[in-house]
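J.: I'd like to ask some things about the structure below.
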Amino acid sequence: MTVMTPKFGQKFGMGASVRRKEDAAFITGKGRYTDDFSPEGTLHLYVLRSPVANARFTVGSLDEARAAPGVHLVLTGADLAHLADLKSGSMQKQPDGTRATTRDIPILCRDRVLYVGDAVACVVADSRAHAQDAAELIDIDYEDEEAVVATASALDEDAPLVWPDAGTNRAFLYHVGDKEKSEAAFAKADRVTRISFINNRLVCNYMEPRAALAEWRGDEDRFVLTTGSQGVHSMQSILSRTFGIGPEKIRVITPDVGGGFGPKSFVYREYALVMEAARRLGRPVKWTGDRSEHFLTDAQGRDNVVEAEMALSKEGRFLALRVRLIANMGAYISQYAAFIPYVGVSMSTGVYDIQAIDVTIDGVYTNTCPVDAYRGAGRPEAAFLLEKLVDACARDLGIGREEIRRRNFIRPEQFPYRTQTGRLYDVGEFEGHMDLAMDRADWQGFEARAGEAKKRGRLRGIGMATYIEACAFAGSEPAHARLNGDGTVTLLIGTQSNGQGHATAYAQFVADKLNIDIDKVTVRQGDTDELASGGGTGGSRSIPLGGVSAAWAGEDLAQKIRRIAADELEASVEDIELSGGTARIVGTDRSVEFSAIARAAAKPEDLHGFGEFVQEEATYPNGTHICEVEIEPETGKVDVIGYWIVDDFGATVNPILLAGQVHGGVVQGLGQALTEETVYSEDGQLVTASFMDYAMPRADDVPFIHFETRNVPSTTNALGIKGAGEAGTIGATPAVLNAVTDALYRAHGIGHIEMPTTPSRIWQAIREARG
């Protein structure tokens with residue numbers, strides 16, 4: 001076990017607080033995002049979207065739109081019969097062994113729309129304004145039907161059907177666990193604690209809205225698509241199936257990306273539309289979404305309705321967990337949507353030794369925007385469920401919240417530990433990080449602080465969440481390091497930075513192996529022409545998998561450089577050391593520059609280092625978050641007074657980058673707990689469709705965050721790394737909600753409040769509790 005807080009002064013390599021290389025460009029306005037690219041002759045595409053949530057429609061004459069000023073092309077679903085729908089491959093096996101049929105996303109709807117924002121037609125014109133004006137001339141006749149939007153009522157007998165031919169709104173049915181074993185445990189339990197709640201739907205709201213630019217290169221017989229993504233190779237693969245052509249016929253380029261968080265992983269219909277338009281017109285075609293389109297159409301997150309119960313012994317031991325979860329898929333099955341609740345349920349037992357589980361998942365269709373992976377992708381939902389339930393168990397039994405956790409933690413001597421869902425945890429010291437976090441938060445001194453707050457008329461609460469997540473799933477991410485003629489090094493890798501700092505982190509691994517300045521290493525991502533394959537960014541995989549491969553590629557290149565230098569200096573390879581861009585004989589002044597070594601290489605492969613770390617199992621970062629809040633009872637306003645985190649990430653690559661990832665994740669989790677909620681009206685209109693209606697957390701909502709690590713190196717990762725990109729979100733939401741609930745329970749006996757815990761919701765709960 002190692003304890004690490006950010007340190008400064010180390011040069012580079014693992015554990016060094018190297019400042020981000022890429023920030024100079026970003027803060028001086030020199031970043032290059034998709035919308036910054038406009039080749040000569042670029043036309044602009046606008047998508048006409050449905051204003052109703054459920055309707056059959058017919059398209060009238062298009063002549064007026066086609067004749068409008070600046071218009072070059074108008075397309076409807078009838079024009080795109082040759083393009084395949086965007087199909088999900090994420091359905092898991094149901095209890096009967098079958099896989100449910102997916103409901104796929106058409107590039108343009110043909111005769112039926114299923115949510116407000118569904119794509120009906122598109123117009124390509126000289127400018128977006130021209131295209132938008134022309135779209136208003138398209139006559140669409142909608143036969144409006146009743147919609148279903150609420151997750152909880154989607155399976156009601158009288159609920160309107162999103163897909164009438166299916167006869168139900170059930171998209172799939174999953175079951176995980178052992179029902180009979182669980183029933184036996186519940187039968188002998190001394191107490192059963194039950195909770196029910198809604199895991200509220202979220203809109204991702206990255207800083208850069210999506211955009212796409214397509215070019216048809218007739219001389220090359222292929223497309224070039226430039227778009228913000230979380231991995232170009234998956235885009236290439238899916239679009240090649242959409243167009244029915246080989247992947248080599250599509251080059252995908254991703255420049256700088258202003259945030260991804262999951263939803264930029266997916267192929268959206270606009271990408272196929274700009275490609276089709278570019279091929280038909282022989283000119284570049286660009287689509288840039290605005291914030292309203294983002295709210296309406298980009299894949300949203302969470303949206304579960306949950307009932308859960310824990311069987312307990314009188315000593316407070318967890319005997320069995322039973323869950324019924326309804327997961328909203330929206331109108332279609334998005335790319336990974338059906339897998340998200342499944343992977344979340346795989347973490348159902350968290351950090352606790354629970355020997356029986358029974359979990360049922362109903363996926364349901366509604367007339368809403370499709371739901372898919374959003375930072376954490378199922379694991380935040382699982383952690384929230386369990387940590388909220390654990391607090392409820394503690395209240396029911398009159399046991400301290402930390403004590404009930406302590407009694408049920410998986411103990412260090414139990415590792416490796418196989419959970420009831422099949423997850424294999426390699427290491428963990430859960431009590432260690434909980435105790436350290438409690439010490440940092442002065443948990444024992446809280447009662448005095450609560451008493452002082454009461455004198456001021458405030459309600460004070462403190463909450464914790466002890467979480468574990470699965471990330472950096474089994475697989476690999478190959479890396480290629482190349483020595484250039486000027487003595488610099490280029491690393492090529494198939495992940496994709498969305499703001500995490502890859503250009504710095506990967507360069508640290510390579511620079512460390514070559515003993516050169518980090519500025520001499522350039523990281524290249526985001527071009528299918530430069531790299532044949534890549535797994536992209538998601539599931540906190542980039543550094544645990546790609547970082548190890550980058551280190552190995554750097555070591556491979558270092559060995560090749562030493563061999564060439566040994567020949568040039570007439571020395572043995574073992575006597576060559578690398579330093580500052582030169583190779584020299586140890587203990588002498590005889591050396592050769594990297595640039596000269598590049599010229600001396602007999603063949604290109606002598607200057608190419610390769611590394612591929614193949615990981616057989618996921619990594620399991622874990623930690624404790626503690627949040628302290630004050631509530632003003634007369635208004636319901638919540639102030640987050642303090643926030644403390646002790647995390648176990650196995651090993652730290654760069655403390656600055658790590659702290660940034662954790663802080664960002666905490667703010668997103670805090671946003672879900674306190675402010676963010678996606679609201680649809682009964683007829684399917686998105687009520688919260690702008691920043692005027694959807695409350696993003698602001699700077700004054702966020703407290704100072706104390707963050708440190710207490711690391712236990714992973715035994716499944718070659719460098720002990722566990723992954724960290726999503727962990728802040730996973731720990732934050734339950735910690736904040738538990739703190740708010742603690743304040744309300746102490747003062748008014750309120751043991752449950754839905755998220756987000758807005759002032760109006762808290763005010764109402766207090767009023768009802770007062771009678």
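Chain lettering (A, B, ...) mirrors the order of the structure tokens, residue numbering begins at 1 for each chain separately, and ligand numbering begins at 1 in order of display.
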List as a PyMOL selection string the protein and nucleic acid residues near A:Gly534, meaning an atom at most 9 Å away when only C-alpha atoms are counted, but skip any in the same chain fewer than 5 places from it.

T.: chain A and resi 231-234+476-478+493-495+528

J.: Just the selected residues (N, CA, C and O atoms), exported as a PDB file, in the first residue's frame, please.

T.:
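Full text of selection_17.pdb as output:
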ATOM      1  N   GLY A 231     -13.044   7.588 -30.467  1.00  0.00           N
ATOM      2  CA  GLY A 231     -12.283   6.540 -31.131  1.00  0.00           C
ATOM      3  C   GLY A 231     -12.674   6.454 -32.589  1.00  0.00           C
ATOM      4  O   GLY A 231     -13.842   6.196 -32.912  1.00  0.00           O
ATOM      5  N   VAL A 232     -11.721   6.676 -33.476  1.00  0.00           N
ATOM      6  CA  VAL A 232     -12.036   6.742 -34.902  1.00  0.00           C
ATOM      7  C   VAL A 232     -12.312   5.374 -35.497  1.00  0.00           C
ATOM      8  O   VAL A 232     -13.057   5.254 -36.474  1.00  0.00           O
ATOM      9  N   HIS A 233     -11.711   4.330 -34.964  1.00  0.00           N
ATOM     10  CA  HIS A 233     -11.834   3.011 -35.597  1.00  0.00           C
ATOM     11  C   HIS A 233     -13.226   2.419 -35.435  1.00  0.00           C
ATOM     12  O   HIS A 233     -13.729   1.758 -36.352  1.00  0.00           O
ATOM     13  N   SER A 234     -13.865   2.637 -34.300  1.00  0.00           N
ATOM     14  CA  SER A 234     -15.234   2.155 -34.149  1.00  0.00           C
ATOM     15  C   SER A 234     -16.163   2.931 -35.073  1.00  0.00           C
ATOM     16  O   SER A 234     -17.105   2.364 -35.648  1.00  0.00           O
ATOM     17  N   SER A 476      -6.661  -4.984 -24.955  1.00  0.00           N
ATOM     18  CA  SER A 476      -5.361  -4.364 -25.161  1.00  0.00           C
ATOM     19  C   SER A 476      -5.520  -3.083 -25.965  1.00  0.00           C
ATOM     20  O   SER A 476      -6.586  -2.823 -26.541  1.00  0.00           O
ATOM     21  N   GLU A 477      -4.472  -2.289 -25.994  1.00  0.00           N
ATOM     22  CA  GLU A 477      -4.396  -1.073 -26.808  1.00  0.00           C
ATOM     23  C   GLU A 477      -2.955  -0.912 -27.275  1.00  0.00           C
ATOM     24  O   GLU A 477      -2.124  -0.373 -26.550  1.00  0.00           O
ATOM     25  N   PRO A 478      -2.617  -1.423 -28.470  1.00  0.00           N
ATOM     26  CA  PRO A 478      -1.241  -1.388 -28.948  1.00  0.00           C
ATOM     27  C   PRO A 478      -0.723   0.053 -29.109  1.00  0.00           C
ATOM     28  O   PRO A 478      -1.497   0.974 -29.391  1.00  0.00           O
ATOM     29  N   ILE A 493      -1.232   5.831 -31.079  1.00  0.00           N
ATOM     30  CA  ILE A 493      -2.042   4.948 -30.259  1.00  0.00           C
ATOM     31  C   ILE A 493      -3.514   5.180 -30.584  1.00  0.00           C
ATOM     32  O   ILE A 493      -3.910   6.292 -30.960  1.00  0.00           O
ATOM     33  N   GLY A 494      -4.340   4.137 -30.451  1.00  0.00           N
ATOM     34  CA  GLY A 494      -5.717   4.178 -30.919  1.00  0.00           C
ATOM     35  C   GLY A 494      -6.749   4.599 -29.917  1.00  0.00           C
ATOM     36  O   GLY A 494      -7.949   4.377 -30.138  1.00  0.00           O
ATOM     37  N   THR A 495      -6.354   5.185 -28.798  1.00  0.00           N
ATOM     38  CA  THR A 495      -7.335   5.809 -27.904  1.00  0.00           C
ATOM     39  C   THR A 495      -7.606   7.219 -28.429  1.00  0.00           C
ATOM     40  O   THR A 495      -7.104   7.614 -29.472  1.00  0.00           O
ATOM     41  N   THR A 528      -7.571   7.170 -38.898  1.00  0.00           N
ATOM     42  CA  THR A 528      -7.526   5.761 -39.298  1.00  0.00           C
ATOM     43  C   THR A 528      -6.465   5.499 -40.353  1.00  0.00           C
ATOM     44  O   THR A 528      -6.085   4.335 -40.551  1.00  0.00           O
TER      45      THR A 528
END

J.: With only C-alpha atoms as the counted atoms, please give the residues lying no more than 7 Å from stretch 177-191 of chain A, apart from itself and same-chain residues fewer than 6 positions off, as an MDAnalysis selection string.

T.: chainID A and resid 311:314 319:320 356:359 420:421

J.: Hey, what's within 12 Å of A:Ala601 if we count only C-alpha atoms and toss same-chain stuff fewer than 4 positions away? As a list in words, please?

T.: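 My list of contacting residues is Leu483, Asn484, Gly485, Lys560, Ile561, Arg562, Arg563, Ile564, Ala565, Ala566, Asp567, Glu568, Phe594, Ser595, Ala596, Ile597, Glu605, Asp606, Leu607 and His608 of chain A.
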
J.: Quick check for you: according to DSSP on this backbone, which residues of stretch 105-256 of chain A are classed as helix (DSSP H, G or I)? Reply as an MDAnalysis selection string.

T.: chainID A and resid 128:135 164:166 179:187 232:243 247:249

J.: Could you write out that same residue set with C-alpha atoms as a JSON list (two decimals), in the first residue's frame?

T.:
[["chain", "number", "residue", "atom", "x", "y", "z"],
["A", 128, "ARG", "CA", -26.98, 26.74, -42.27],
["A", 129, "ALA", "CA", -29.40, 29.65, -42.39],
["A", 130, "HIS", "CA", -30.36, 28.86, -45.99],
["A", 131, "ALA", "CA", -30.81, 25.18, -45.11],
["A", 132, "GLN", "CA", -32.91, 25.97, -42.08],
["A", 133, "ASP", "CA", -35.12, 28.36, -44.01],
["A", 134, "ALA", "CA", -35.67, 25.75, -46.72],
["A", 135, "ALA", "CA", -36.50, 23.05, -44.14],
["A", 164, "PRO", "CA", -46.95, -1.65, -31.53],
["A", 165, "ASP", "CA", -45.85, -4.76, -33.42],
["A", 166, "ALA", "CA", -43.94, -5.92, -30.32],
["A", 179, "LYS", "CA", -33.20, -16.57, -6.90],
["A", 180, "GLU", "CA", -33.58, -19.67, -4.69],
["A", 181, "LYS", "CA", -30.45, -18.95, -2.67],
["A", 182, "SER", "CA", -31.61, -15.38, -2.15],
["A", 183, "GLU", "CA", -35.09, -16.44, -1.08],
["A", 184, "ALA", "CA", -33.57, -18.77, 1.50],
["A", 185, "ALA", "CA", -31.42, -15.93, 2.87],
["A", 186, "PHE", "CA", -34.42, -13.57, 3.09],
["A", 187, "ALA", "CA", -36.42, -16.27, 4.83],
["A", 232, "VAL", "CA", -12.04, 6.74, -34.90],
["A", 233, "HIS", "CA", -11.83, 3.01, -35.60],
["A", 234, "SER", "CA", -15.23, 2.15, -34.15],
["A", 235, "MET", "CA", -16.70, 5.03, -36.19],
["A", 236, "GLN", "CA", -15.07, 3.63, -39.32],
["A", 237, "SER", "CA", -16.35, 0.12, -38.64],
["A", 238, "ILE", "CA", -19.97, 1.10, -37.95],
["A", 239, "LEU", "CA", -20.20, 3.52, -40.87],
["A", 240, "SER", "CA", -18.74, 0.95, -43.24],
["A", 241, "ARG", "CA", -21.64, -1.35, -42.32],
["A", 242, "THR", "CA", -24.09, 1.50, -42.73],
["A", 243, "PHE", "CA", -22.86, 2.16, -46.27],
["A", 247, "PRO", "CA", -13.65, 0.04, -43.84],
["A", 248, "GLU", "CA", -10.75, 1.09, -46.07],
["A", 249, "LYS", "CA", -13.27, 3.19, -48.05]]

J.: With stretch 24-38 of chain A as the partner and 9 Å as the cut-off, tabulate the residues of stretch 272-307 of chain A that qualify, each row holding the nearest pair of atoms and their distance in Å to one decimal, using only C-alpha atoms, sorted by chain and rising number, as JSON lines.

T.:
{"residue": "A:Pro284", "atom": "CA", "partner": "A:Ser38", "partner_atom": "CA", "distance": 8.1}
{"residue": "A:Val285", "atom": "CA", "partner": "A:Ser38", "partner_atom": "CA", "distance": 8.8}
{"residue": "A:Lys286", "atom": "CA", "partner": "A:Ser38", "partner_atom": "CA", "distance": 7.8}
{"residue": "A:Trp287", "atom": "CA", "partner": "A:Asp35", "partner_atom": "CA", "distance": 8.4}
{"residue": "A:Thr288", "atom": "CA", "partner": "A:Asp35", "partner_atom": "CA", "distance": 6.6}

J.: Take the residues from that selection and write them out as a CSV table (one decimal), in the first residue's frame, keeping N, CA, C and O atoms.

T.:
chain,number,residue,atom,x,y,z
A,284,PRO,N,-17.5,19.2,-50.0
A,284,PRO,CA,-17.6,19.0,-48.6
A,284,PRO,C,-18.9,19.4,-48.0
A,284,PRO,O,-19.4,20.5,-48.4
A,285,VAL,N,-19.4,18.7,-47.0
A,285,VAL,CA,-20.6,19.0,-46.4
A,285,VAL,C,-20.4,18.9,-44.9
A,285,VAL,O,-19.9,17.9,-44.4
A,286,LYS,N,-20.9,19.9,-44.2
A,286,LYS,CA,-20.6,20.0,-42.7
A,286,LYS,C,-22.0,20.2,-42.0
A,286,LYS,O,-22.8,20.9,-42.4
A,287,TRP,N,-22.1,19.5,-40.9
A,287,TRP,CA,-23.2,19.7,-39.9
A,287,TRP,C,-22.6,20.1,-38.6
A,287,TRP,O,-21.7,19.4,-38.1
A,288,THR,N,-23.1,21.1,-38.0
A,288,THR,CA,-22.7,21.5,-36.6
A,288,THR,C,-23.9,21.6,-35.8
A,288,THR,O,-24.8,22.5,-36.1

J.: Neighbouring residues of A:Ile410 were defined as those with any atom within 12 Å, considering only C-alpha atoms; residues of the same chain fewer than 2 positions away were excluded. Please report them as an mmCIF file with C-alpha atoms, in the first residue's frame.

T.:
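The file below, part08.cif, is the result:
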data_model
loop_
_atom_site.group_PDB
_atom_site.id
_atom_site.type_symbol
_atom_site.label_atom_id
_atom_site.label_comp_id
_atom_site.auth_asym_id
_atom_site.auth_seq_id
_atom_site.Cartn_x
_atom_site.Cartn_y
_atom_site.Cartn_z
ATOM 1 C CA ARG A 317 -24.449 -8.617 8.371
ATOM 2 C CA PHE A 318 -25.677 -8.446 4.782
ATOM 3 C CA THR A 349 -22.435 -6.168 -4.283
ATOM 4 C CA GLY A 350 -19.831 -3.404 -4.309
ATOM 5 C CA VAL A 351 -17.182 -3.603 -1.593
ATOM 6 C CA TYR A 352 -19.303 -5.904 0.565
ATOM 7 C CA ASP A 353 -19.254 -9.653 1.185
ATOM 8 C CA ILE A 354 -22.810 -10.455 0.093
ATOM 9 C CA GLN A 355 -23.303 -14.138 -0.645
ATOM 10 C CA ARG A 405 -19.779 -0.910 6.363
ATOM 11 C CA ARG A 406 -16.878 -2.138 8.477
ATOM 12 C CA ARG A 407 -18.787 -5.305 9.451
ATOM 13 C CA ASN A 408 -19.528 -6.154 5.823
ATOM 14 C CA PRO A 412 -7.971 -8.180 2.633
ATOM 15 C CA GLU A 413 -7.335 -11.865 3.357
ATOM 16 C CA GLN A 414 -10.332 -12.828 1.190
ATOM 17 C CA PHE A 415 -8.669 -11.613 -2.032
ATOM 18 C CA PRO A 416 -8.748 -12.608 -4.798
ATOM 19 C CA TYR A 417 -12.507 -12.469 -4.280
ATOM 20 C CA ARG A 418 -15.146 -13.742 -6.680
ATOM 21 C CA THR A 419 -18.444 -11.844 -6.391
ATOM 22 C CA TYR A 425 -11.515 -8.560 -7.448
ATOM 23 C CA ASP A 426 -7.742 -8.893 -7.198
ATOM 24 C CA VAL A 427 -6.884 -6.685 -4.199
ATOM 25 C CA GLY A 428 -8.479 -4.218 -1.811
ATOM 26 C CA GLU A 429 -8.145 -2.587 1.607
ATOM 27 C CA PHE A 430 -11.528 -0.930 1.941
ATOM 28 C CA GLU A 431 -11.442 -0.271 5.657
ATOM 29 C CA GLY A 432 -8.095 1.465 5.214
ATOM 30 C CA THR A 466 -17.491 3.437 -0.180
ATOM 31 C CA ILE A 468 -15.713 -0.025 -6.149
#

J.: From a DSSP calculation on the backbone, collect every residue of stretch 281-529 of chain A in strand (DSSP E) and output the set as JSON, numbers by chain.

T.: {"A": [285, 286, 287, 288, 304, 305, 306, 307, 308, 309, 310, 311, 312, 318, 319, 320, 321, 322, 323, 324, 325, 326, 327, 328, 329, 330, 357, 358, 359, 360, 361, 362, 363, 364, 365, 417, 418, 424, 425, 459, 460, 461, 462, 463, 464, 465, 466, 467, 468, 475, 476, 479, 480, 481, 482, 483, 489, 490, 491, 492, 493, 521, 522, 523, 524]}

J.: For the residues in that selection, give me C-alpha atoms as a PDB file, in the first residue's frame.

T.:
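The result, written out as out.pdb:
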ATOM      1  CA  VAL A 285     -20.640  18.984 -46.370  1.00  0.00           C
ATOM      2  CA  LYS A 286     -20.643  19.987 -42.721  1.00  0.00           C
ATOM      3  CA  TRP A 287     -23.165  19.705 -39.922  1.00  0.00           C
ATOM      4  CA  THR A 288     -22.664  21.506 -36.623  1.00  0.00           C
ATOM      5  CA  ASN A 304     -33.639   3.927 -13.866  1.00  0.00           C
ATOM      6  CA  VAL A 305     -36.494   3.148 -11.520  1.00  0.00           C
ATOM      7  CA  VAL A 306     -35.298   0.895  -8.708  1.00  0.00           C
ATOM      8  CA  GLU A 307     -36.724  -1.200  -5.897  1.00  0.00           C
ATOM      9  CA  ALA A 308     -34.127  -2.864  -3.677  1.00  0.00           C
ATOM     10  CA  GLU A 309     -34.062  -4.774  -0.408  1.00  0.00           C
ATOM     11  CA  MET A 310     -31.353  -6.167   1.821  1.00  0.00           C
ATOM     12  CA  ALA A 311     -31.698  -9.195   4.096  1.00  0.00           C
ATOM     13  CA  LEU A 312     -29.870  -8.571   7.393  1.00  0.00           C
ATOM     14  CA  PHE A 318     -25.677  -8.446   4.782  1.00  0.00           C
ATOM     15  CA  LEU A 319     -27.186 -11.823   3.872  1.00  0.00           C
ATOM     16  CA  ALA A 320     -28.752 -11.199   0.472  1.00  0.00           C
ATOM     17  CA  LEU A 321     -29.598  -8.415  -1.964  1.00  0.00           C
ATOM     18  CA  ARG A 322     -32.712  -8.327  -4.130  1.00  0.00           C
ATOM     19  CA  VAL A 323     -33.225  -5.692  -6.844  1.00  0.00           C
ATOM     20  CA  ARG A 324     -35.805  -4.932  -9.490  1.00  0.00           C
ATOM     21  CA  LEU A 325     -34.564  -2.340 -11.918  1.00  0.00           C
ATOM     22  CA  ILE A 326     -36.414  -0.748 -14.835  1.00  0.00           C
ATOM     23  CA  ALA A 327     -33.968   0.832 -17.293  1.00  0.00           C
ATOM     24  CA  ASN A 328     -35.262   3.324 -19.842  1.00  0.00           C
ATOM     25  CA  MET A 329     -33.796   2.802 -23.317  1.00  0.00           C
ATOM     26  CA  GLY A 330     -35.656   5.635 -25.000  1.00  0.00           C
ATOM     27  CA  ILE A 357     -28.228 -11.768  -4.971  1.00  0.00           C
ATOM     28  CA  ASP A 358     -31.345 -11.736  -7.109  1.00  0.00           C
ATOM     29  CA  VAL A 359     -31.476  -8.921  -9.665  1.00  0.00           C
ATOM     30  CA  THR A 360     -34.048  -8.473 -12.409  1.00  0.00           C
ATOM     31  CA  ILE A 361     -33.624  -5.853 -15.119  1.00  0.00           C
ATOM     32  CA  ASP A 362     -36.460  -4.742 -17.372  1.00  0.00           C
ATOM     33  CA  GLY A 363     -35.312  -2.629 -20.296  1.00  0.00           C
ATOM     34  CA  VAL A 364     -38.179  -0.503 -21.588  1.00  0.00           C
ATOM     35  CA  TYR A 365     -38.939   1.645 -24.607  1.00  0.00           C
ATOM     36  CA  TYR A 417     -12.507 -12.469  -4.280  1.00  0.00           C
ATOM     37  CA  ARG A 418     -15.146 -13.742  -6.680  1.00  0.00           C
ATOM     38  CA  LEU A 424     -12.944 -11.243  -9.738  1.00  0.00           C
ATOM     39  CA  TYR A 425     -11.515  -8.560  -7.448  1.00  0.00           C
ATOM     40  CA  LEU A 459     -29.575  21.512   9.217  1.00  0.00           C
ATOM     41  CA  ARG A 460     -26.182  19.857   8.895  1.00  0.00           C
ATOM     42  CA  GLY A 461     -25.528  16.404   7.485  1.00  0.00           C
ATOM     43  CA  ILE A 462     -22.600  14.196   6.629  1.00  0.00           C
ATOM     44  CA  GLY A 463     -22.596  11.278   4.237  1.00  0.00           C
ATOM     45  CA  MET A 464     -20.196   8.746   2.836  1.00  0.00           C
ATOM     46  CA  ALA A 465     -19.949   6.311  -0.038  1.00  0.00           C
ATOM     47  CA  THR A 466     -17.491   3.437  -0.180  1.00  0.00           C
ATOM     48  CA  TYR A 467     -17.422   2.368  -3.793  1.00  0.00           C
ATOM     49  CA  ILE A 468     -15.713  -0.025  -6.149  1.00  0.00           C
ATOM     50  CA  GLY A 475      -8.232  -6.373 -23.761  1.00  0.00           C
ATOM     51  CA  SER A 476      -5.361  -4.364 -25.161  1.00  0.00           C
ATOM     52  CA  ALA A 479       1.217   1.516 -29.079  1.00  0.00           C
ATOM     53  CA  HIS A 480       3.830   2.442 -31.693  1.00  0.00           C
ATOM     54  CA  ALA A 481       6.816   4.695 -30.935  1.00  0.00           C
ATOM     55  CA  ARG A 482       8.813   6.103 -33.862  1.00  0.00           C
ATOM     56  CA  LEU A 483      12.143   7.938 -33.797  1.00  0.00           C
ATOM     57  CA  VAL A 489       9.715  10.743 -31.047  1.00  0.00           C
ATOM     58  CA  THR A 490       6.136  10.180 -32.202  1.00  0.00           C
ATOM     59  CA  LEU A 491       3.808   7.840 -30.350  1.00  0.00           C
ATOM     60  CA  LEU A 492       0.778   6.501 -32.234  1.00  0.00           C
ATOM     61  CA  ILE A 493      -2.042   4.948 -30.259  1.00  0.00           C
ATOM     62  CA  VAL A 521       7.522  13.304 -27.585  1.00  0.00           C
ATOM     63  CA  THR A 522       4.449  13.907 -29.758  1.00  0.00           C
ATOM     64  CA  VAL A 523       1.341  11.780 -29.290  1.00  0.00           C
ATOM     65  CA  ARG A 524      -0.761  11.092 -32.389  1.00  0.00           C
TER      66      ARG A 524
END

J.: Would you mind listing what lies within 12 Å of A:Tyr680 as number ranges by chain, with only C-alpha atoms counted and same-chain residues fewer than 6 positions away left out?

T.: A: 52-53, 115-116, 147-151, 200-202, 295-296, 303, 330, 366-369, 686-689, 693-694

J.: From the list A:Gly535, A:Ala437, A:Glu617, A:Ile585, which residue is nearest A:Arg423 when using only C-alpha atoms?

T.: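 Using only C-alpha atoms, A:Arg423 sits closest to A:Glu617.
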
J.: Counting only C-alpha atoms, figure out which residue out of A:Asn711, A:Ser90, A:Gln668, A:Thr619 gets nearest to A:Tyr206.

T.: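 The closest residue to A:Tyr206 is A:Gln668.
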
J.: Using only C-alpha atoms, which protein or nucleic acid residues come within 10 Å of A:His663? Drop anything in the same chain fewer than 6 positions from it, and give the result as a short mmCIF file (atom, residue, chain, number, x, y, z; two decimals) with N, CA, C and O atoms, in the first residue's frame.

T.:
data_model
loop_
_atom_site.label_atom_id
_atom_site.label_comp_id
_atom_site.auth_asym_id
_atom_site.auth_seq_id
_atom_site.Cartn_x
_atom_site.Cartn_y
_atom_site.Cartn_z
N ILE A 645 -11.93 12.90 -0.24
CA ILE A 645 -11.82 11.65 -0.99
C ILE A 645 -10.50 10.98 -0.66
O ILE A 645 -9.44 11.62 -0.65
N LEU A 657 -2.94 15.37 -13.36
CA LEU A 657 -3.98 14.86 -14.25
C LEU A 657 -5.01 14.05 -13.47
O LEU A 657 -6.22 14.13 -13.74
N GLY A 669 -21.11 14.16 -10.56
CA GLY A 669 -21.92 13.42 -9.59
C GLY A 669 -22.71 14.34 -8.70
O GLY A 669 -23.88 14.08 -8.37
N VAL A 702 -19.70 24.15 -5.92
CA VAL A 702 -18.63 23.17 -5.74
C VAL A 702 -17.69 23.62 -4.61
O VAL A 702 -17.17 24.72 -4.64
N PHE A 704 -14.24 23.20 -1.96
CA PHE A 704 -12.87 22.70 -2.05
C PHE A 704 -12.92 21.18 -1.86
O PHE A 704 -13.61 20.68 -0.98
N ILE A 705 -12.19 20.47 -2.70
CA ILE A 705 -12.19 19.01 -2.64
C ILE A 705 -10.83 18.53 -2.14
O ILE A 705 -9.80 18.79 -2.78
N HIS A 706 -10.83 17.88 -1.00
CA HIS A 706 -9.60 17.25 -0.51
C HIS A 706 -9.49 15.88 -1.17
O HIS A 706 -10.38 15.04 -1.03
N PHE A 707 -8.39 15.66 -1.87
CA PHE A 707 -8.22 14.39 -2.58
C PHE A 707 -6.83 13.83 -2.31
O PHE A 707 -5.82 14.54 -2.41
N ALA A 727 -14.22 7.37 -11.78
CA ALA A 727 -14.40 7.08 -10.36
C ALA A 727 -15.02 8.24 -9.58
O ALA A 727 -15.82 8.02 -8.66
N GLY A 728 -14.67 9.47 -9.93
CA GLY A 728 -15.22 10.61 -9.21
C GLY A 728 -16.73 10.65 -9.27
O GLY A 728 -17.41 10.90 -8.27
N THR A 729 -17.28 10.37 -10.44
CA THR A 729 -18.73 10.35 -10.61
C THR A 729 -19.37 9.23 -9.82
O THR A 729 -20.47 9.39 -9.26
N ALA A 732 -19.35 10.15 -6.03
CA ALA A 732 -19.89 11.44 -5.59
C ALA A 732 -21.39 11.43 -5.37
O ALA A 732 -21.88 11.93 -4.35
#
